[in-house]
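Next comes protein_29.cif, with mmCIF, C-alpha atoms.
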```cif
data_start
loop_
_atom_site.label_atom_id
_atom_site.label_comp_id
_atom_site.auth_asym_id
_atom_site.auth_seq_id
_atom_site.Cartn_x
_atom_site.Cartn_y
_atom_site.Cartn_z
CA MET A 1 13.47 15.21 22.92
CA ASP A 2 11.38 14.42 19.86
CA PRO A 3 7.95 16.06 20.41
CA HIS A 4 6.09 12.88 19.45
CA LEU A 5 8.08 10.80 21.94
CA LYS A 6 7.72 13.46 24.64
CA LYS A 7 3.93 13.48 24.27
CA LEU A 8 3.82 9.68 24.38
CA ILE A 9 5.96 9.56 27.52
CA GLU A 10 3.89 12.27 29.21
CA GLU A 11 0.66 10.37 28.55
CA ALA A 12 2.12 7.01 29.59
CA LEU A 13 3.54 8.37 32.85
CA SER A 14 0.31 10.22 33.62
CA GLU A 15 -1.61 7.00 33.08
CA ASP A 16 0.71 5.01 35.35
CA LEU A 17 1.60 7.51 38.06
CA GLY A 18 -1.60 9.50 38.44
CA ASN A 19 -1.12 11.50 41.66
CA GLY A 20 2.00 9.56 42.63
CA ASP A 21 3.56 6.17 43.39
CA VAL A 22 1.88 5.53 46.74
CA THR A 23 3.91 2.37 47.42
CA SER A 24 7.35 3.93 46.93
CA GLU A 25 6.37 7.14 48.71
CA ALA A 26 5.28 5.11 51.75
CA ILE A 27 8.36 2.91 51.88
CA ILE A 28 11.35 4.71 50.34
CA PRO A 29 12.89 7.92 51.75
CA ALA A 30 12.76 10.86 49.35
CA ASP A 31 16.56 11.23 49.33
CA ALA A 32 17.37 7.52 48.82
CA ALA A 33 19.45 6.76 45.72
CA SER A 34 20.03 3.53 43.81
CA THR A 35 21.57 1.98 40.72
CA ALA A 36 19.65 -0.51 38.62
CA ASP A 37 20.54 -2.71 35.68
CA ILE A 38 18.17 -3.28 32.75
CA LYS A 39 18.79 -6.81 31.45
CA ALA A 40 17.62 -9.03 28.63
CA LYS A 41 16.06 -12.27 29.88
CA GLN A 42 15.94 -13.79 26.39
CA ASP A 43 17.84 -13.54 23.11
CA LEU A 44 16.55 -10.47 21.27
CA VAL A 45 17.21 -7.62 18.85
CA LEU A 46 17.38 -4.37 20.77
CA ALA A 47 15.05 -1.45 19.99
CA GLY A 48 13.65 1.28 22.24
CA LEU A 49 16.61 1.97 24.51
CA ASP A 50 16.57 5.66 23.61
CA GLY A 51 12.90 5.85 24.59
CA ALA A 52 13.57 4.12 27.89
CA ARG A 53 16.30 6.64 28.69
CA GLU A 54 13.99 9.56 27.93
CA VAL A 55 11.39 8.23 30.39
CA PHE A 56 13.82 8.50 33.30
CA LEU A 57 15.25 11.85 32.16
CA TYR A 58 11.74 13.24 31.83
CA LEU A 59 11.10 12.40 35.49
CA ASP A 60 14.46 13.72 36.66
CA PRO A 61 17.13 15.21 34.36
CA SER A 62 19.82 14.34 36.92
CA VAL A 63 19.33 10.59 36.38
CA GLU A 64 22.39 8.90 34.89
CA PHE A 65 21.43 6.49 32.13
CA THR A 66 24.35 4.53 30.67
CA PRO A 67 23.62 2.41 27.57
CA LEU A 68 25.54 -0.87 27.52
CA ALA A 69 24.34 -1.90 24.05
CA GLN A 70 23.25 -0.19 20.84
CA GLU A 71 19.95 -0.10 18.97
CA GLY A 72 19.74 -2.96 16.48
CA ASP A 73 22.27 -5.11 18.36
CA ILE A 74 21.67 -8.85 18.58
CA ILE A 75 21.57 -9.49 22.32
CA LYS A 76 22.06 -12.73 24.25
CA SER A 77 19.94 -13.59 27.26
CA GLY A 78 21.45 -12.26 30.49
CA THR A 79 23.13 -9.28 28.84
CA ALA A 80 22.88 -5.92 30.59
CA LEU A 81 21.37 -3.34 28.23
CA ALA A 82 21.73 -0.24 30.39
CA ARG A 83 22.53 0.99 33.89
CA VAL A 84 20.39 3.64 35.56
CA SER A 85 21.39 5.66 38.64
CA GLY A 86 19.36 8.24 40.53
CA LYS A 87 16.79 8.70 43.23
CA THR A 88 15.19 5.37 44.01
CA ARG A 89 11.66 6.76 43.81
CA VAL A 90 12.39 8.10 40.30
CA LEU A 91 13.78 4.77 39.10
CA LEU A 92 10.69 2.94 40.32
CA ALA A 93 8.33 5.59 38.94
CA GLY A 94 9.79 5.21 35.46
CA GLU A 95 10.46 1.47 35.49
CA ARG A 96 7.19 0.19 34.03
CA VAL A 97 6.80 2.77 31.27
CA ALA A 98 10.45 2.42 30.25
CA LEU A 99 10.22 -1.37 30.17
CA ASN A 100 6.89 -1.33 28.32
CA LEU A 101 8.49 0.67 25.51
CA LEU A 102 11.65 -1.38 25.50
CA GLN A 103 9.87 -4.76 25.60
CA HIS A 104 7.34 -3.86 22.91
CA LEU A 105 9.82 -2.37 20.45
CA SER A 106 12.45 -5.05 21.03
CA GLY A 107 9.75 -7.66 20.49
CA ILE A 108 8.94 -6.16 17.10
CA ALA A 109 12.61 -5.92 16.13
CA THR A 110 13.21 -9.50 17.23
CA LEU A 111 10.27 -10.92 15.26
CA THR A 112 11.23 -8.87 12.20
CA SER A 113 14.77 -10.24 12.33
CA ARG A 114 13.37 -13.79 12.21
CA TYR A 115 11.46 -12.96 9.04
CA VAL A 116 14.56 -11.36 7.54
CA GLU A 117 16.55 -14.50 8.31
CA HIS A 118 14.03 -16.62 6.38
CA LEU A 119 14.50 -14.39 3.32
CA LYS A 120 18.26 -14.82 3.00
CA GLY A 121 19.25 -15.89 -0.50
CA THR A 122 16.15 -14.39 -2.11
CA LYS A 123 15.61 -10.87 -3.46
CA ALA A 124 12.47 -10.32 -1.40
CA GLN A 125 12.33 -7.73 1.36
CA ILE A 126 9.95 -7.81 4.33
CA LEU A 127 7.70 -4.76 4.79
CA ASP A 128 5.50 -3.63 7.63
CA THR A 129 1.94 -2.28 7.23
CA ARG A 130 -0.40 0.27 8.82
CA LYS A 131 -1.61 -2.38 11.29
CA THR A 132 -0.05 -0.63 14.26
CA LEU A 133 -1.22 0.41 17.72
CA PRO A 134 -2.78 3.90 17.69
CA GLY A 135 -0.16 6.51 18.54
CA LEU A 136 2.76 4.09 18.32
CA ARG A 137 3.19 3.79 14.55
CA ARG A 138 6.36 5.85 14.32
CA LEU A 139 8.07 3.85 17.06
CA GLU A 140 6.82 0.50 15.79
CA LYS A 141 8.03 1.19 12.27
CA TYR A 142 11.37 2.27 13.73
CA ALA A 143 11.57 -1.09 15.51
CA VAL A 144 10.92 -2.89 12.21
CA ARG A 145 13.95 -1.11 10.73
CA MET A 146 16.06 -2.10 13.74
CA GLY A 147 15.13 -5.71 13.00
CA GLY A 148 16.31 -5.40 9.40
CA GLY A 149 12.89 -4.88 7.79
CA LYS A 150 11.67 -2.07 5.57
CA ASN A 151 8.81 0.37 6.02
CA HIS A 152 5.80 0.41 3.70
CA ARG A 153 3.94 3.74 3.48
CA PHE A 154 3.65 5.48 6.81
CA GLY A 155 0.02 6.51 6.42
CA LEU A 156 -2.71 7.27 3.95
CA TYR A 157 -0.95 10.46 2.87
CA ASP A 158 2.41 9.26 1.52
CA GLY A 159 1.53 6.52 -0.95
CA ILE A 160 -1.34 5.50 -3.23
CA LEU A 161 -2.53 1.97 -2.56
CA ILE A 162 -5.72 1.13 -4.43
CA LYS A 163 -7.46 -1.64 -2.50
CA ASP A 164 -10.63 -3.62 -3.11
CA ASN A 165 -12.96 -0.99 -1.62
CA HIS A 166 -11.40 1.73 -3.80
CA ILE A 167 -11.86 -0.49 -6.86
CA THR A 168 -15.49 -1.15 -5.97
CA ALA A 169 -16.15 2.55 -5.41
CA ALA A 170 -14.45 3.58 -8.67
CA GLY A 171 -15.98 0.77 -10.73
CA SER A 172 -12.79 -0.96 -11.88
CA ILE A 173 -9.02 -1.11 -11.48
CA THR A 174 -8.62 0.80 -14.74
CA LYS A 175 -10.89 3.62 -13.59
CA ALA A 176 -9.32 3.80 -10.13
CA VAL A 177 -5.80 4.09 -11.56
CA GLU A 178 -6.99 6.67 -14.08
CA LEU A 179 -8.50 8.82 -11.33
CA ALA A 180 -5.44 8.44 -9.09
CA ARG A 181 -3.13 9.49 -11.90
CA LYS A 182 -5.33 12.46 -12.74
CA ASN A 183 -6.00 13.78 -9.24
CA ALA A 184 -3.05 12.80 -7.02
CA HIS A 185 0.44 14.30 -6.87
CA ASN A 186 2.43 13.22 -9.90
CA LEU A 187 5.42 12.00 -7.85
CA LEU A 188 3.39 9.46 -5.86
CA LYS A 189 3.72 5.87 -7.02
CA ILE A 190 0.50 3.96 -7.62
CA GLU A 191 0.08 0.46 -6.19
CA VAL A 192 -2.92 -1.75 -6.90
CA GLU A 193 -4.18 -4.70 -4.89
CA THR A 194 -5.09 -7.72 -7.02
CA LYS A 195 -6.68 -11.03 -6.12
CA THR A 196 -6.81 -12.82 -9.51
CA LEU A 197 -4.66 -13.13 -12.60
CA ASP A 198 -7.26 -11.18 -14.58
CA GLU A 199 -6.88 -8.32 -12.12
CA VAL A 200 -3.10 -8.53 -12.53
CA ARG A 201 -3.54 -8.19 -16.29
CA GLU A 202 -5.81 -5.18 -15.81
CA ALA A 203 -3.35 -3.52 -13.43
CA LEU A 204 -0.54 -4.07 -15.93
CA ALA A 205 -2.61 -2.56 -18.73
CA ALA A 206 -3.35 0.45 -16.52
CA LYS A 207 0.42 0.95 -16.11
CA THR A 208 0.45 0.92 -12.35
CA ASP A 209 3.83 1.16 -10.60
CA VAL A 210 3.45 -1.70 -8.09
CA ILE A 211 1.13 -4.70 -8.09
CA MET A 212 0.14 -6.33 -4.82
CA LEU A 213 -0.75 -10.01 -4.93
CA ASP A 214 -3.27 -10.30 -2.12
CA ASN A 215 -4.04 -13.64 -0.46
CA MET A 216 -3.01 -15.63 -3.53
CA SER A 217 -1.78 -19.20 -3.35
CA VAL A 218 1.91 -19.77 -3.95
CA GLU A 219 1.13 -21.33 -7.33
CA MET A 220 -0.97 -18.34 -8.38
CA MET A 221 1.77 -15.98 -7.24
CA LYS A 222 4.26 -17.84 -9.44
CA GLU A 223 1.93 -17.39 -12.40
CA ALA A 224 1.45 -13.70 -11.59
CA VAL A 225 5.19 -13.06 -11.32
CA LYS A 226 5.69 -14.82 -14.64
CA LEU A 227 2.93 -12.73 -16.20
CA ILE A 228 4.33 -9.46 -14.84
CA ALA A 229 7.81 -10.42 -16.09
CA GLY A 230 9.66 -7.64 -14.28
CA ARG A 231 7.65 -4.81 -15.82
CA VAL A 232 6.60 -3.49 -12.40
CA LEU A 233 7.49 -4.19 -8.79
CA VAL A 234 5.54 -6.96 -7.08
CA GLU A 235 4.40 -7.18 -3.47
CA ALA A 236 2.88 -10.25 -1.82
CA SER A 237 0.48 -9.84 1.08
CA GLY A 238 -1.83 -12.03 3.14
CA ASN A 239 -1.25 -15.29 5.04
CA VAL A 240 2.39 -14.42 5.60
CA THR A 241 3.92 -16.40 8.48
CA LEU A 242 7.37 -17.66 9.40
CA GLU A 243 6.29 -20.99 7.96
CA THR A 244 5.11 -19.61 4.61
CA ILE A 245 7.40 -16.66 3.91
CA ARG A 246 10.21 -18.63 2.28
CA ALA A 247 7.91 -20.23 -0.28
CA ILE A 248 6.37 -16.84 -1.01
CA ALA A 249 9.79 -15.26 -1.50
CA GLU A 250 10.83 -18.01 -3.89
CA THR A 251 8.00 -17.07 -6.26
CA GLY A 252 10.14 -14.08 -7.25
CA VAL A 253 8.22 -11.22 -5.62
CA ASP A 254 10.13 -8.07 -4.68
CA PHE A 255 8.39 -7.36 -1.38
CA ILE A 256 6.41 -9.28 1.22
CA SER A 257 4.26 -7.27 3.64
CA SER A 258 3.01 -8.55 6.96
CA GLY A 259 0.93 -6.84 9.62
CA SER A 260 2.11 -9.45 12.13
CA LEU A 261 5.45 -7.66 12.47
CA THR A 262 3.71 -4.99 14.52
CA HIS A 263 0.31 -6.31 15.63
CA SER A 264 1.40 -9.78 16.75
CA ALA A 265 4.98 -9.46 17.96
CA PRO A 266 5.33 -10.85 21.50
CA ALA A 267 6.97 -8.51 24.00
CA ALA A 268 10.62 -9.26 24.65
CA ASP A 269 11.46 -10.40 28.19
CA ILE A 270 13.43 -7.56 29.80
CA SER A 271 13.72 -6.65 33.48
CA MET A 272 15.11 -3.90 35.70
CA LYS A 273 16.70 -4.82 39.03
CA ILE A 274 18.06 -2.48 41.66
CA LYS A 275 21.59 -3.51 42.61
#
```
Turn the structure described in the file into structure tokens.
Amino acid sequence: MDPHLKKLIEEALSEDLGNGDVTSEAIIPADAASTADIKAKQDLVLAGLDGAREVFLYLDPSVEFTPLAQEGDIIKSGTALARVSGKTRVLLAGERVALNLLQHLSGIATLTSRYVEHLKGTKAQILDTRKTLPGLRRLEKYAVRMGGGKNHRFGLYDGILIKDNHITAAGSITKAVELARKNAHNLLKIEVETKTLDEVREALAAKTDVIMLDNMSVEMMKEAVKLIAGRVLVEASGNVTLETIRAIAETGVDFISSGSLTHSAPAADISMKIK
């Protein structure tokens, strides 16, 4: 098992089980065995099934977990996603943690797929951000990929993104880019956040690799894309919703980033029922 996932599962089970499942231990014989189906109760894009399986196997390696669908599949409501067989107490001990992972990640994949659908016919790609739940970033960004989206930088260490506070601290966009080029690894691309057309011009003059258009109106974005004229890649960010994303994409930007993919995705409705 991936060490990151193992640690997450250990912490989640410890949080939920504590000293034991007092309800199941009082009601269900230790040697009782059952089979349960995990089912989608809504249309969704599946993500997190591997994590759900690992929860049950962590509790008892003899559990039989049979996937009935694959990660990234478009699932119809009522479809069985997996079948789990083993000791009844084990199935109930792992149920909530397994479903929490599966519901959260499938929710992200499902929302991402809706954004991707709105972008069809344009060149724009939807990106996630660092607005993730602490400790879950790797899984949440995985779910974005399952929904057809792309990952932005994973953290502060794998991409240079000069934002407003960096610009203020450095004194200007020009100075910030100059310092980044001088002091950072030469293979890292440099992206600059801009809020006005003058800032776009300054970022272009500084020869940055990517320009982010932050919280601009659609009309201003059109002007910025025209000004940039394909010389660098362009990312749009801020006020991105399912209602606005198409108009943003049609300005000609290359990427559209949205924190809502991870921080605002509703959990998918998935249940586990003992047969």
Within 10 Å of A:Ala12, counting all atoms listed in the file, which residues show up once you throw out same-chain ones fewer than 3 positions away? Write them as a PyMOL selection string, please. chain A and resi 6-9+15-18+55+94+96-98+100-101
Open item on the list: One number please: atom CA of A:Glu250 to atom CA of A:Arg231, in Å, one decimal.
Closed with: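 That distance, rounded to one decimal, is 18.1 Å.
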Is it possible to get the axis-aligned box enclosing stretch 140-158 of chain A (all listed atoms, 5 Å extra per side) as lines of an AutoDock Vina configuration file, with centre and edge lengths in Å rounded to one decimal?
```
center_x = 6.8
center_y = 2.4
center_z = 8.7
size_x = 29.0
size_y = 26.2
size_z = 24.3
```
### Message
Tell me which residues come within 10 Å of (6.7, -2.6, -6.5), as a VMD selection string, counting only C-alpha atoms in the file's coordinates.
### Response
chain A and resid 189 to 192 208 to 212 230 to 236 253 to 255
message: When the PyMOL selection byres ((chain A and resi 118) around 8) is applied to the structure above, which residues does it catch, written out as a PyMOL selection string?
response: chain A and resi 114-117+119-120+242+245-246
* **Reference answer for the PyMOL selection byres ((chain A and resi 152-156) around 7), as a ChimeraX atom specification** => /A:127-130,150-151,157-159
Set the distance at 7 Å and use all atoms listed in the file: which residues neighbour A:Asp269 once local chain neighbours fewer than 4 positions away are removed? I'd like the list as an mmCIF file with C-alpha atoms, keeping the file's coordinate frame.
```cif
data_model
loop_
_atom_site.group_PDB
_atom_site.id
_atom_site.type_symbol
_atom_site.label_atom_id
_atom_site.label_comp_id
_atom_site.auth_asym_id
_atom_site.auth_seq_id
_atom_site.Cartn_x
_atom_site.Cartn_y
_atom_site.Cartn_z
ATOM 1 C CA ALA A 40 17.620 -9.030 28.630
ATOM 2 C CA LYS A 41 16.060 -12.270 29.880
ATOM 3 C CA GLN A 42 15.940 -13.790 26.390
ATOM 4 C CA GLN A 103 9.870 -4.760 25.600
#
```
Here atom CA of A:Lys87 and atom CA of A:Ala32 stand apart by 5.7 Å
_Suppose a student applies the PyMOL selection byres ((chain A and resi 163-175) around 6) to this structure; what residues should they get, written as a list in words?_
Ile162, Ala176, Val177, Glu178, Glu193 and Ala206 of chain A
Counting all atoms listed in the file, figure out which residue out of A:Tyr58, A:Met220, A:Lys226, A:Ser24 gets nearest to A:Glu11.
->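 The shortest atom-to-atom distance to A:Glu11 comes from A:Tyr58.
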Closest of A:Ala52, A:Ala36, A:Ala143, A:Ala124 to A:Gly86 - atom-to-atom distances counting all atoms listed in the file: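 Smallest separation from A:Gly86 among the options: A:Ala36.
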Which residue of A:Leu5, A:Ala205, A:Leu261, A:Leu49 approaches A:Ala80 most closely, using only C-alpha atoms
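With only C-alpha atoms as the atom set, the closest residue is A:Leu49.
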### Message
I'd like the contact shell of A:Leu91 - 12 Å cut-off, all atoms listed in the file, skipping same-chain residues fewer than 5 positions apart - returned as a ChimeraX atom specification.
### Response
/A:21,24,28,30,32-38,52-53,55-65,83-86,96-99,272-275
- Query: A:Gly51, A:Gly149, A:Pro134, A:Gly20: which is nearest A:Met1, counting all atoms listed in the file?
  - Reply: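 Result for the nearest residue to A:Met1: A:Gly51.
The residue that comes closest to A:Ile126, out of A:Gly238, A:Gly107, A:Gly148, A:Gly252 and on the basis of all atoms listed in the file, is A:Gly148.
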Item to check | Residue nearest A:Ala109 among A:Ala247, A:Ile75, A:Ala229, A:Ile256 (counting only C-alpha atoms) | outcome: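 So, comparing all the options, the nearest one is A:Ile75.
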Distance query A:Leu139 at most 10 Å, all atoms listed in the file, self and fewer than 2 positions along chain excluded, as a compact mmCIF listing (two decimals) with C-alpha atoms, in the coordinates of the input:
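Below you can see result-v3.txt, which holds the result:
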```txt
# COMPACT_ATOMS: atom_id res chain seq x y z
CA HIS A 4 6.09 12.88 19.45
CA LEU A 5 8.08 10.80 21.94
CA ALA A 47 15.05 -1.45 19.99
CA GLY A 48 13.65 1.28 22.24
CA GLY A 51 12.90 5.85 24.59
CA LEU A 101 8.49 0.67 25.51
CA HIS A 104 7.34 -3.86 22.91
CA LEU A 105 9.82 -2.37 20.45
CA THR A 132 -0.05 -0.63 14.26
CA LEU A 133 -1.22 0.41 17.72
CA GLY A 135 -0.16 6.51 18.54
CA LEU A 136 2.76 4.09 18.32
CA ARG A 137 3.19 3.79 14.55
CA LYS A 141 8.03 1.19 12.27
CA TYR A 142 11.37 2.27 13.73
CA ALA A 143 11.57 -1.09 15.51
CA VAL A 144 10.92 -2.89 12.21
CA ARG A 145 13.95 -1.11 10.73
```
**Two-atom distance - atom CA of A:Ser14, atom CA of A:Arg138 (Å)** =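 It comes out at 20.7 Å.
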